[in-house]
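Engineer: What follows is my_file.cif; its format and atoms are mmCIF, C-alpha atoms and all ligand atoms.
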```cif
data_structure
#
loop_
_atom_site.label_atom_id
_atom_site.label_comp_id
_atom_site.auth_asym_id
_atom_site.auth_seq_id
_atom_site.Cartn_x
_atom_site.Cartn_y
_atom_site.Cartn_z
CA MET A 1 -23.82 34.10 53.06
CA LYS A 2 -26.95 34.91 51.06
CA ILE A 3 -29.39 31.99 51.07
CA THR A 4 -32.26 32.00 48.55
CA ILE A 5 -35.46 30.70 50.11
CA GLU A 6 -37.92 28.72 47.99
CA PRO A 7 -41.35 27.29 48.87
CA ALA A 8 -41.44 24.02 50.82
CA GLY A 9 -42.33 20.68 49.28
CA PRO A 10 -45.34 18.62 50.37
CA GLY A 11 -45.56 17.08 53.85
CA ASP A 12 -46.96 17.90 57.25
CA PRO A 13 -45.46 16.88 60.60
CA LYS A 14 -48.99 16.55 62.01
CA SER A 15 -49.46 13.41 59.92
CA LEU A 16 -46.49 11.61 61.58
CA PRO A 17 -47.01 8.78 64.11
CA ALA A 18 -46.17 9.47 67.79
CA ASN A 19 -43.46 6.80 67.62
CA LEU A 20 -41.04 8.42 65.16
CA GLY A 21 -38.25 5.85 65.09
CA PHE A 22 -34.88 7.19 63.92
CA GLY A 23 -34.03 8.65 60.51
CA LYS A 24 -37.32 7.76 58.85
CA TYR A 25 -39.03 11.11 58.32
CA PHE A 26 -37.73 14.33 56.80
CA ALA A 27 -38.84 17.95 56.89
CA ASN A 28 -40.10 19.37 53.59
CA LEU A 29 -37.20 21.81 53.12
CA MET A 30 -33.48 21.22 52.65
CA PHE A 31 -30.42 23.45 52.31
CA SER A 32 -28.01 23.03 49.41
CA GLN A 33 -25.08 24.80 47.81
CA ARG A 34 -22.56 23.89 45.14
CA TYR A 35 -18.81 24.22 44.87
CA SER A 36 -16.76 24.46 41.73
CA ALA A 37 -13.01 24.93 41.53
CA GLY A 38 -12.23 28.56 40.71
CA GLU A 39 -15.71 29.74 41.70
CA GLY A 40 -15.88 28.46 45.29
CA TRP A 41 -19.24 27.89 47.02
CA HIS A 42 -22.30 29.30 45.28
CA ASP A 43 -26.08 28.94 44.80
CA ALA A 44 -26.91 28.57 48.50
CA ARG A 45 -30.61 27.84 48.76
CA ILE A 46 -33.23 26.37 50.99
CA GLY A 47 -35.79 24.63 48.82
CA PRO A 48 -38.08 21.60 48.75
CA TYR A 49 -36.76 18.29 50.12
CA GLY A 50 -36.49 15.84 47.25
CA PRO A 51 -34.39 13.35 45.28
CA LEU A 52 -31.02 14.27 43.80
CA SER A 53 -30.32 13.67 40.16
CA LEU A 54 -26.81 12.30 39.59
CA ASP A 55 -25.02 11.06 36.50
CA PRO A 56 -24.24 7.33 37.00
CA ALA A 57 -20.53 8.18 36.62
CA THR A 58 -20.51 10.73 39.47
CA VAL A 59 -17.36 10.20 41.58
CA VAL A 60 -19.16 9.80 44.91
CA LEU A 61 -20.94 6.71 43.58
CA HIS A 62 -17.65 5.01 42.68
CA TYR A 63 -14.90 6.33 44.92
CA ALA A 64 -16.96 7.32 47.99
CA GLN A 65 -15.87 10.93 48.33
CA GLU A 66 -18.55 11.66 50.92
CA ILE A 67 -18.71 13.12 54.40
CA PHE A 68 -21.53 13.85 56.81
CA GLU A 69 -22.40 15.20 60.23
CA GLY A 70 -25.12 14.55 62.79
CA LEU A 71 -26.57 16.98 65.29
CA LYS A 72 -29.94 17.69 66.82
CA ALA A 73 -32.39 20.52 67.44
CA TYR A 74 -34.27 20.18 70.73
CA ARG A 75 -37.65 21.64 71.72
CA ARG A 76 -37.27 23.68 74.90
CA PRO A 77 -40.00 23.95 77.55
CA ASP A 78 -40.56 27.61 76.49
CA GLY A 79 -41.23 26.51 72.90
CA LYS A 80 -37.92 27.83 71.54
CA ILE A 81 -35.37 25.50 69.97
CA ASN A 82 -31.83 24.61 71.07
CA LEU A 83 -28.96 23.48 68.92
CA PHE A 84 -26.16 21.69 70.79
CA ARG A 85 -22.58 22.72 69.96
CA PRO A 86 -23.23 23.19 66.20
CA TRP A 87 -19.86 24.95 65.84
CA GLU A 88 -18.13 21.67 66.77
CA ASN A 89 -19.98 19.84 64.01
CA ALA A 90 -19.00 22.54 61.50
CA LEU A 91 -15.34 22.25 62.51
CA ARG A 92 -15.40 18.44 62.39
CA PHE A 93 -17.07 18.60 58.96
CA ASN A 94 -14.08 20.59 57.73
CA ARG A 95 -11.62 18.14 59.30
CA SER A 96 -13.43 15.29 57.54
CA ALA A 97 -13.41 17.30 54.29
CA GLU A 98 -9.65 17.82 54.52
CA ARG A 99 -9.00 14.11 55.13
CA MET A 100 -11.14 13.18 52.14
CA ALA A 101 -9.49 15.84 49.90
CA MET A 102 -12.79 17.73 49.60
CA ALA A 103 -13.62 21.45 49.67
CA THR A 104 -13.93 23.00 53.12
CA LEU A 105 -16.42 25.71 53.98
CA ASP A 106 -16.61 28.71 56.26
CA PRO A 107 -17.80 27.23 59.59
CA GLU A 108 -19.90 30.36 60.21
CA ASP A 109 -21.67 29.88 56.89
CA HIS A 110 -22.28 26.25 57.81
CA VAL A 111 -23.82 27.12 61.18
CA GLN A 112 -25.88 29.90 59.52
CA ALA A 113 -27.25 27.37 57.01
CA ILE A 114 -28.23 25.00 59.85
CA VAL A 115 -29.84 27.81 61.87
CA GLU A 116 -31.83 29.16 58.89
CA LEU A 117 -33.01 25.68 57.91
CA VAL A 118 -34.08 24.78 61.47
CA SER A 119 -35.79 28.14 61.85
CA LEU A 120 -37.82 27.51 58.67
CA VAL A 121 -38.75 23.90 59.55
CA GLN A 122 -39.36 24.54 63.22
CA LYS A 123 -42.83 23.02 63.23
CA TRP A 124 -41.03 19.73 62.48
CA VAL A 125 -39.11 19.89 65.80
CA PRO A 126 -41.05 17.34 67.86
CA THR A 127 -42.37 17.88 71.36
CA GLN A 128 -42.45 14.23 72.53
CA GLU A 129 -40.16 13.18 75.37
CA SER A 130 -36.67 12.14 74.08
CA ALA A 131 -37.52 13.22 70.51
CA SER A 132 -35.68 15.89 68.51
CA LEU A 133 -35.02 17.09 64.98
CA TYR A 134 -32.00 15.15 63.70
CA ILE A 135 -29.92 17.26 61.30
CA ARG A 136 -27.70 15.64 58.70
CA PRO A 137 -25.21 17.92 56.84
CA THR A 138 -23.66 16.01 53.93
CA MET A 139 -21.14 16.68 51.16
CA ILE A 140 -20.51 14.62 48.03
CA GLY A 141 -18.03 14.83 45.15
CA THR A 142 -20.03 15.57 42.00
CA ASP A 143 -17.47 15.44 39.16
CA VAL A 144 -18.53 13.07 36.42
CA GLY A 145 -15.92 10.60 35.21
CA LEU A 146 -14.22 7.40 36.28
CA GLY A 147 -10.62 8.55 36.66
CA VAL A 148 -9.63 8.26 40.32
CA HIS A 149 -9.11 11.86 41.46
CA ALA A 150 -10.33 14.38 44.02
CA SER A 151 -13.50 15.91 42.66
CA GLN A 152 -13.34 19.54 41.54
CA SER A 153 -17.03 20.08 42.26
CA TYR A 154 -19.14 19.32 45.32
CA LEU A 155 -22.70 19.39 46.54
CA HIS A 156 -23.22 20.31 50.19
CA TYR A 157 -26.70 19.74 51.51
CA ILE A 158 -28.44 19.63 54.87
CA ILE A 159 -31.54 17.58 55.56
CA ALA A 160 -33.39 17.31 58.86
CA GLY A 161 -36.10 15.11 60.26
CA PRO A 162 -38.02 14.44 63.46
CA ALA A 163 -36.62 11.43 65.30
CA GLY A 164 -37.17 9.48 68.48
CA PRO A 165 -34.55 7.59 70.52
CA TYR A 166 -31.89 5.86 68.39
CA PHE A 167 -32.48 2.43 69.90
CA SER A 168 -36.03 1.12 69.67
CA THR A 169 -35.33 -0.55 73.04
CA GLY A 170 -34.92 2.97 74.56
CA PHE A 171 -32.49 3.69 77.40
CA ASN A 172 -31.79 0.03 78.19
CA PRO A 173 -28.54 -1.98 78.21
CA VAL A 174 -27.49 -3.43 74.87
CA ALA A 175 -25.57 -6.65 74.14
CA VAL A 176 -22.16 -6.00 72.56
CA TYR A 177 -19.89 -8.34 70.58
CA VAL A 178 -16.14 -7.81 71.01
CA CYS A 179 -14.73 -8.13 67.49
CA SER A 180 -11.13 -9.31 67.36
CA ASP A 181 -11.17 -10.29 63.70
CA GLN A 182 -12.31 -7.51 61.36
CA VAL A 183 -11.57 -3.84 62.12
CA ARG A 184 -13.50 -0.61 61.53
CA ALA A 185 -10.61 1.78 61.05
CA VAL A 186 -6.85 1.92 61.11
CA ARG A 187 -4.48 4.60 62.35
CA GLY A 188 -3.52 6.67 59.33
CA GLY A 189 -6.77 5.67 57.63
CA THR A 190 -10.09 7.50 57.70
CA GLY A 191 -11.48 6.50 61.12
CA GLU A 192 -11.16 10.05 62.42
CA ALA A 193 -13.27 11.36 59.53
CA LYS A 194 -17.04 11.06 59.41
CA THR A 195 -17.13 9.47 55.98
CA GLY A 196 -19.55 6.85 54.69
CA GLY A 197 -16.90 4.22 53.97
CA ASN A 198 -16.20 3.74 57.68
CA TYR A 199 -19.81 2.77 58.21
CA ALA A 200 -19.84 0.49 55.17
CA ALA A 201 -16.75 -1.23 56.62
CA SER A 202 -18.63 -1.93 59.85
CA LEU A 203 -21.71 -3.57 58.31
CA PHE A 204 -20.37 -7.05 57.67
CA VAL A 205 -19.61 -7.75 61.33
CA ALA A 206 -22.68 -5.87 62.58
CA GLU A 207 -24.98 -8.01 60.40
CA LYS A 208 -23.17 -11.23 61.25
CA VAL A 209 -23.45 -10.78 65.01
CA LYS A 210 -26.99 -9.37 64.90
CA ALA A 211 -28.07 -12.87 63.95
CA ARG A 212 -26.47 -14.04 67.22
CA GLY A 213 -28.46 -11.56 69.32
CA TYR A 214 -25.94 -8.71 69.58
CA GLN A 215 -27.00 -5.09 69.02
CA GLN A 216 -23.56 -3.45 68.76
CA VAL A 217 -19.94 -4.27 67.92
CA LEU A 218 -17.00 -3.24 70.09
CA TRP A 219 -14.10 -2.36 67.78
CA LEU A 220 -10.47 -2.93 68.72
CA ASP A 221 -7.42 -1.19 67.29
CA ALA A 222 -6.37 -2.55 63.90
CA THR A 223 -2.68 -3.09 64.67
CA GLU A 224 -2.64 -5.13 67.86
CA ARG A 225 -6.34 -6.04 68.10
CA ARG A 226 -5.97 -5.25 71.75
CA TYR A 227 -7.03 -1.69 72.55
CA VAL A 228 -10.66 -0.61 72.81
CA GLU A 229 -11.68 1.98 70.19
CA GLU A 230 -15.44 2.47 69.72
CA VAL A 231 -18.75 0.68 70.09
CA GLY A 232 -20.87 0.60 66.94
CA ALA A 233 -21.00 4.21 65.71
CA MET A 234 -20.37 5.59 69.20
CA ASN A 235 -17.48 6.39 71.49
CA ILE A 236 -17.22 4.22 74.60
CA ALA A 237 -16.56 4.75 78.30
CA PHE A 238 -16.17 2.48 81.34
CA VAL A 239 -17.04 3.40 84.92
CA TYR A 240 -14.66 2.19 87.59
CA ASP A 241 -16.00 1.70 91.14
CA GLY A 242 -18.95 3.99 90.41
CA THR A 243 -16.74 7.09 90.51
CA HIS A 244 -14.18 7.13 87.70
CA ILE A 245 -14.95 7.38 83.96
CA ALA A 246 -12.28 6.03 81.58
CA THR A 247 -12.52 6.44 77.81
CA PRO A 248 -10.05 5.48 75.06
CA ALA A 249 -7.68 8.33 74.19
CA LEU A 250 -8.16 9.60 70.63
CA SER A 251 -5.77 7.39 68.71
CA GLY A 252 -6.08 8.59 65.13
CA SER A 253 -8.65 5.94 64.23
CA ILE A 254 -11.37 7.02 66.69
CA LEU A 255 -13.96 9.66 65.79
CA ALA A 256 -13.62 12.67 68.12
CA GLY A 257 -17.19 12.63 69.42
CA ILE A 258 -18.86 15.78 70.67
CA THR A 259 -20.86 13.80 73.26
CA ARG A 260 -17.60 12.23 74.49
CA ASN A 261 -15.98 15.65 74.74
CA SER A 262 -19.03 17.05 76.57
CA VAL A 263 -19.01 14.19 79.10
CA LEU A 264 -15.28 14.71 79.74
CA LYS A 265 -16.08 18.35 80.63
CA LEU A 266 -19.34 17.71 82.48
CA ALA A 267 -18.47 14.64 84.57
CA PRO A 268 -15.87 16.34 86.83
CA ASP A 269 -18.50 18.98 87.69
CA LEU A 270 -20.77 16.15 88.81
CA GLY A 271 -18.05 14.77 91.09
CA TYR A 272 -16.58 12.03 88.86
CA THR A 273 -12.95 11.73 87.86
CA VAL A 274 -12.17 11.14 84.17
CA SER A 275 -9.27 9.78 82.14
CA GLU A 276 -8.42 9.27 78.47
CA GLU A 277 -6.14 6.27 78.12
CA ARG A 278 -5.24 3.15 76.16
CA LEU A 279 -7.68 0.52 77.39
CA ASP A 280 -6.54 -3.07 76.91
CA ILE A 281 -9.57 -5.31 76.23
CA GLN A 282 -8.11 -8.16 78.34
CA LYS A 283 -7.80 -5.83 81.31
CA VAL A 284 -11.30 -4.46 80.70
CA LEU A 285 -12.76 -7.98 80.69
CA ALA A 286 -10.82 -8.89 83.84
CA ASP A 287 -12.04 -5.69 85.52
CA ILE A 288 -15.64 -6.54 84.62
CA ARG A 289 -15.19 -10.01 86.10
CA ALA A 290 -13.60 -8.56 89.26
CA GLY A 291 -16.52 -6.13 89.66
CA ARG A 292 -14.26 -3.08 89.31
CA ILE A 293 -16.02 -1.92 86.18
CA THR A 294 -19.50 -1.09 87.38
CA GLU A 295 -20.90 0.39 84.14
CA ALA A 296 -20.06 0.87 80.48
CA PHE A 297 -21.81 3.00 77.88
CA GLY A 298 -21.67 4.28 74.34
CA LEU A 299 -21.62 8.02 73.69
CA GLY A 300 -23.03 9.70 70.61
CA THR A 301 -25.48 12.34 69.42
CA ALA A 302 -28.14 9.88 68.31
CA ALA A 303 -28.39 7.78 71.50
CA VAL A 304 -26.68 10.32 73.86
CA ILE A 305 -25.68 7.67 76.45
CA ALA A 306 -26.29 4.01 75.56
CA PRO A 307 -25.75 1.66 78.53
CA LEU A 308 -23.95 -1.58 77.67
CA GLY A 309 -25.30 -4.73 79.33
CA THR A 310 -22.91 -7.48 78.26
CA LEU A 311 -19.67 -7.89 76.35
CA GLY A 312 -19.50 -11.16 74.44
CA THR A 313 -16.34 -12.75 73.02
CA GLU A 314 -16.11 -15.98 71.00
CA ASP A 315 -15.78 -17.93 74.27
CA GLU A 316 -17.52 -16.03 77.03
CA THR A 317 -20.10 -13.47 78.00
CA TYR A 318 -19.18 -10.81 80.54
CA THR A 319 -22.16 -9.22 82.25
CA ILE A 320 -21.81 -5.61 83.31
CA ASN A 321 -25.38 -4.61 84.06
CA ASP A 322 -28.95 -5.62 83.37
CA GLU A 323 -30.28 -2.12 83.86
CA PRO A 324 -28.82 1.36 83.30
CA GLY A 325 -26.40 2.24 86.10
CA PRO A 326 -26.45 5.42 88.21
CA VAL A 327 -23.59 7.15 86.35
CA ALA A 328 -25.17 6.56 82.92
CA ARG A 329 -28.52 7.80 84.26
CA ARG A 330 -27.04 10.93 85.80
CA LEU A 331 -24.98 11.84 82.72
CA TYR A 332 -27.94 11.17 80.43
CA ARG A 333 -30.23 13.29 82.57
CA THR A 334 -27.82 16.21 82.95
CA LEU A 335 -26.73 16.28 79.32
CA THR A 336 -30.28 16.05 77.98
CA ASP A 337 -31.47 18.67 80.53
CA ILE A 338 -28.89 21.08 79.06
CA GLN A 339 -29.71 20.09 75.47
CA TYR A 340 -33.46 20.56 75.92
CA GLY A 341 -32.96 23.77 77.91
CA ARG A 342 -34.55 22.33 81.06
CA ILE A 343 -31.62 23.59 83.16
CA PRO A 344 -29.22 26.51 82.56
CA ASP A 345 -26.23 25.82 80.31
CA PRO A 346 -23.11 26.97 82.16
CA TYR A 347 -20.82 25.81 79.33
CA GLY A 348 -22.09 27.97 76.46
CA TRP A 349 -22.89 24.83 74.46
CA THR A 350 -26.40 25.70 73.32
CA TYR A 351 -27.56 28.06 70.57
CA THR A 352 -31.19 29.10 70.99
CA ILE A 353 -33.45 29.79 68.02
CA ASP A 354 -36.51 31.92 68.75
CA SER A 355 -39.85 30.32 68.07
CA LYS A 356 -41.85 32.02 65.30
CA ASN A 357 -45.14 30.45 66.40
N1 LIG A 401 -18.08 7.49 66.66
C1 LIG A 401 -18.64 7.35 65.45
C2 LIG A 401 -18.04 6.39 64.50
C3 LIG A 401 -19.76 8.12 65.11
O1 LIG A 401 -20.35 7.99 63.91
C4 LIG A 401 -20.29 9.02 66.06
C5 LIG A 401 -21.46 9.84 65.71
O2 LIG A 401 -21.39 10.90 65.23
C6 LIG A 401 -19.68 9.13 67.31
C7 LIG A 401 -18.56 8.35 67.58
C8 LIG A 401 -20.18 10.08 68.33
O3 LIG A 401 -19.95 11.41 67.95
P1 LIG A 401 -20.88 12.58 68.44
O4 LIG A 401 -20.92 12.51 69.92
O5 LIG A 401 -20.21 13.81 67.95
O6 LIG A 401 -22.20 12.35 67.83
C1 LIG A 402 -24.35 9.09 66.53
O1 LIG A 402 -25.00 10.13 66.56
O2 LIG A 402 -23.86 8.56 67.54
C2 LIG A 402 -24.14 8.39 65.26
O3 LIG A 402 -23.24 7.65 65.15
C3 LIG A 402 -25.09 8.63 64.19
C4 LIG A 402 -25.29 7.43 63.33
C5 LIG A 402 -26.72 7.39 62.84
C6 LIG A 402 -24.30 7.41 62.22
#
```
Reformat the file's structure so that it appears as structure tokens.
Structural biologist:
Amino acid sequence: MKITIEPAGPGDPKSLPANLGFGKYFANLMFSQRYSAGEGWHDARIGPYGPLSLDPATVVLHYAQEIFEGLKAYRRPDGKINLFRPWENALRFNRSAERMAMATLDPEDHVQAIVELVSLVQKWVPTQESASLYIRPTMIGTDVGLGVHASQSYLHYIIAGPAGPYFSTGFNPVAVYVCSDQVRAVRGGTGEAKTGGNYAASLFVAEKVKARGYQQVLWLDATERRYVEEVGAMNIAFVYDGTHIATPALSGSILAGITRNSVLKLAPDLGYTVSEERLDIQKVLADIRAGRITEAFGLGTAAVIAPLGTLGTEDETYTINDEPGPVARRLYRTLTDIQYGRIPDPYGWTYTIDSKN
């Protein structure tokens, strides 16, 4: 794919505060390309980061034909930059596109666009501990008109910005509300796709329970309200007796997380056993009470591993941990060591971009 390169917009990473937060700052270049039926993808360019101009009747604004991805670029000790499994994000982007009746793209072109953008904005890849450049590929339907239909034209763009840890509380256990009323996603619906509507659907409960001191929502399956699905915008895992890691099997309404998949591959090499199964929330709560579940954590690109401290229901609070457990610590350390290139990557997960400085 030929990408036209234009001058960057204003902005200098040197002016950013040391505490970056998450998703607040953006590099001064972005990738974009357009799709039109008949013509395919065209006009690939990397140009200044800036606002989009959309007709108020653009389909994405009304019928939510939108998908996105999230991955990170990590500063290695030798100054080069690592991407972590970008091919998986490109493939998942296409799976989301198919589910949302949107145009797919050549995964190699997608990874090339990410690599060229990161290479050009590499001075924006932070060097602080636990910080990285968060990359957000996005696609929106751009047809203008209010008839409900799959758009015939799309805008694909990639923005990137320096970010710190996802939770301002850092690597510390979070309080989780077990939601048995509303649901995030239903089998046969769009839960497996990374599309904005799933996140919109989660906000009502998240806001309601935030006021009661919870940081995340544990979602149950929509049919029986019984089986554990995800926690907030992360996959979830439970540690049994300090040695076994159990995570919900992909059910059709769970997002197939790349962190989850990486932990399933990595954990056995660290001496843990793993299983993907249907996890009944009543059994999980009983196992916490009986001390069989020794840890629980969320898994996702943004937070990597997010230890869960308590699970709260309408009636009771179940305490798992008040500090990160040894399994969460070890997985976090090993995964981030691979991502940042501090240890060799035996899995072929990283793609290294040479530093131009
Ligand atoms: N589940 C949801 C709903 C998500 O948005 C994410 C984040 O991308 C994940 C799980 C974790 O996926 P990954 O590990 O690929 O970031
Ligand atoms: C994740 O990386 O785990 C996410 O869910 C990203 C979030 C900001 C949508």
Engineer: Just the residues within 6 Å of range 303-312 of chain A, please, counting only C-alpha atoms, with nothing from its chain fewer than 4 positions along; format it as a list in words.
Structural biologist: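 Once the nearby chain positions are removed, what remains is Tyr166, Pro173, Val174, Ala175, Val176, Tyr177, Val178, Ala296, Phe297, Gly298, Leu299, Glu316, Thr317, Tyr318, Thr319, Ile320, Asn321, Asp322, Pro324 and Tyr332 of chain A.
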Engineer: How would you write, as a PyMOL selection string, the set of residues no farther than 8 Å from ligand LIG 401 (chain A) when counting all atoms listed in the file?
Structural biologist: chain A and resi 69-71+89+191+194+198-199+230-235+254-261+299-302+304
Engineer: Just how far from CA of Thr169 in chain A is CA of Asn82 in chain A, in Å to one decimal?
Structural biologist: 25.5 Å
Engineer: One number please: CA of Tyr63 in chain A to CA of Leu29 in chain A, in Å, one decimal.
Structural biologist: 28.4 Å
Engineer: Give as a short mmCIF file (atom, residue, chain, number, x, y, z; two decimals) with C-alpha atoms, in the frame of the given file each residue that has an atom at most 12 Å from (-17.2, 20.5, 81.9) in the file, counting only C-alpha atoms.
Structural biologist:
```cif
data_model
loop_
_atom_site.label_atom_id
_atom_site.label_comp_id
_atom_site.auth_asym_id
_atom_site.auth_seq_id
_atom_site.Cartn_x
_atom_site.Cartn_y
_atom_site.Cartn_z
CA THR A 259 -20.86 13.80 73.26
CA ARG A 260 -17.60 12.23 74.49
CA ASN A 261 -15.98 15.65 74.74
CA SER A 262 -19.03 17.05 76.57
CA VAL A 263 -19.01 14.19 79.10
CA LEU A 264 -15.28 14.71 79.74
CA LYS A 265 -16.08 18.35 80.63
CA LEU A 266 -19.34 17.71 82.48
CA ALA A 267 -18.47 14.64 84.57
CA PRO A 268 -15.87 16.34 86.83
CA ASP A 269 -18.50 18.98 87.69
CA LEU A 270 -20.77 16.15 88.81
CA GLY A 271 -18.05 14.77 91.09
CA TYR A 272 -16.58 12.03 88.86
CA THR A 273 -12.95 11.73 87.86
CA VAL A 274 -12.17 11.14 84.17
CA LEU A 331 -24.98 11.84 82.72
CA THR A 334 -27.82 16.21 82.95
CA LEU A 335 -26.73 16.28 79.32
CA ASP A 345 -26.23 25.82 80.31
CA PRO A 346 -23.11 26.97 82.16
CA TYR A 347 -20.82 25.81 79.33
CA GLY A 348 -22.09 27.97 76.46
CA TRP A 349 -22.89 24.83 74.46
#
```
Engineer: What separation in Å, quoted to one decimal, exists between CA of Thr294 in chain A and CA of Arg329 in chain A?
Structural biologist: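 Computing it gives 13.0 Å between the two atoms.
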Engineer: From the list A:Ile343, A:Ala249, A:Ala222, A:Lys72, which residue is nearest ligand LIG 402 (chain A) when using all atoms listed in the file?
Structural biologist: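 So, comparing all the options, the nearest one is A:Lys72.
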Engineer: Excluding Pro126 in chain A and its own-chain neighbours fewer than 3 positions away, which residues fall within 10 Å of it when counting all atoms listed in the file? Please give them as a list in words.
Structural biologist: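 So, after excluding close chain neighbours, the residues are Pro13, Lys14, Ala18, Leu20, Ala73, Tyr74, Arg75, Gln122, Lys123, Glu129, Ser130, Ala131, Ser132, Leu133, Gly161, Pro162, Ala163 and Gly164 of chain A.
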Engineer: Which one of A:Gln182, A:Asn28, A:Thr195, A:Asn94 sits closest to Lys208 in chain A if you count only C-alpha atoms?
Structural biologist: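 Under the stated criterion, the closest residue is A:Gln182.
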Engineer: Using all atoms listed in the file, which of the listed residues (A:Gly213, A:Gly188, A:Gly38, A:Gly196) sits closest to ligand LIG 402 (chain A)?
Structural biologist: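 Looking at the shortest contact to ligand LIG 402 (chain A), the residue is A:Gly196.
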Engineer: Counting all atoms listed in the file, which residues have an atom no more than 12 Å from (-13.0, -5.4, 69.4) in the file's coordinates? Please list them as a PyMOL selection string.
Structural biologist: chain A and resi 176-185+202+205-206+216-232+236+279-282+284-285+311-314
Engineer: Considering only C-alpha atoms and all ligand atoms, can you say which of A:Thr127, A:Gln65, A:Thr138, A:Ser36 comes closest to ligand LIG 402 (chain A)?
Structural biologist: A:Thr138
Engineer: Enclose all atoms of ligand LIG 402 (chain A) listed in the file in an axis-aligned box, grow every side by 4 Å, and hand back centre and edge lengths in Å to one decimal, as AutoDock Vina command-line options.
Structural biologist:
```
--center_x -25.0 --center_y 8.8 --center_z 64.9 --size_x 11.5 --size_y 10.7 --size_z 13.3
```
Engineer: Choose the residue, out of A:Ala97, A:Ala200, A:Tyr214, A:Gln128, that has the smallest atom-to-atom separation from ligand LIG 402 (chain A); count all atoms listed in the file.
Structural biologist: A:Ala200
Engineer: Do a neighbour search on Glu277 in chain A at 9 Å with only C-alpha atoms, toss out local chain neighbours closer than 2 positions, and write the hits as number ranges by chain.
Structural biologist: A: 246-250, 275, 279
Engineer: Determine, counting all atoms listed in the file, which protein, DNA and RNA residues have an atom within 10 Å of an atom of Asp78 in chain A; residues of the same chain fewer than 3 positions away are not included. Present the result as a VMD selection string.
Structural biologist: chain A and resid 75 81 341 to 342 354 to 355
Engineer: Would you mind telling me which residue in A:Gly141, A:Gly79, A:Pro56, A:Gly11 lies nearest to Val125 in chain A when using all atoms listed in the file?
Structural biologist: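 Between A:Gly141, A:Gly79, A:Pro56, A:Gly11, the residue approaching Val125 in chain A most closely is A:Gly79.
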Engineer: May I have the residues within 8 Å of range 102-111 of chain A as a ChimeraX atom specification, using all atoms listed in the file and disregarding those fewer than 2 positions away in the same chain?
Structural biologist: /A:1,35,41,65,86-87,90-91,93-94,97-100,113-115,141,150-151,154
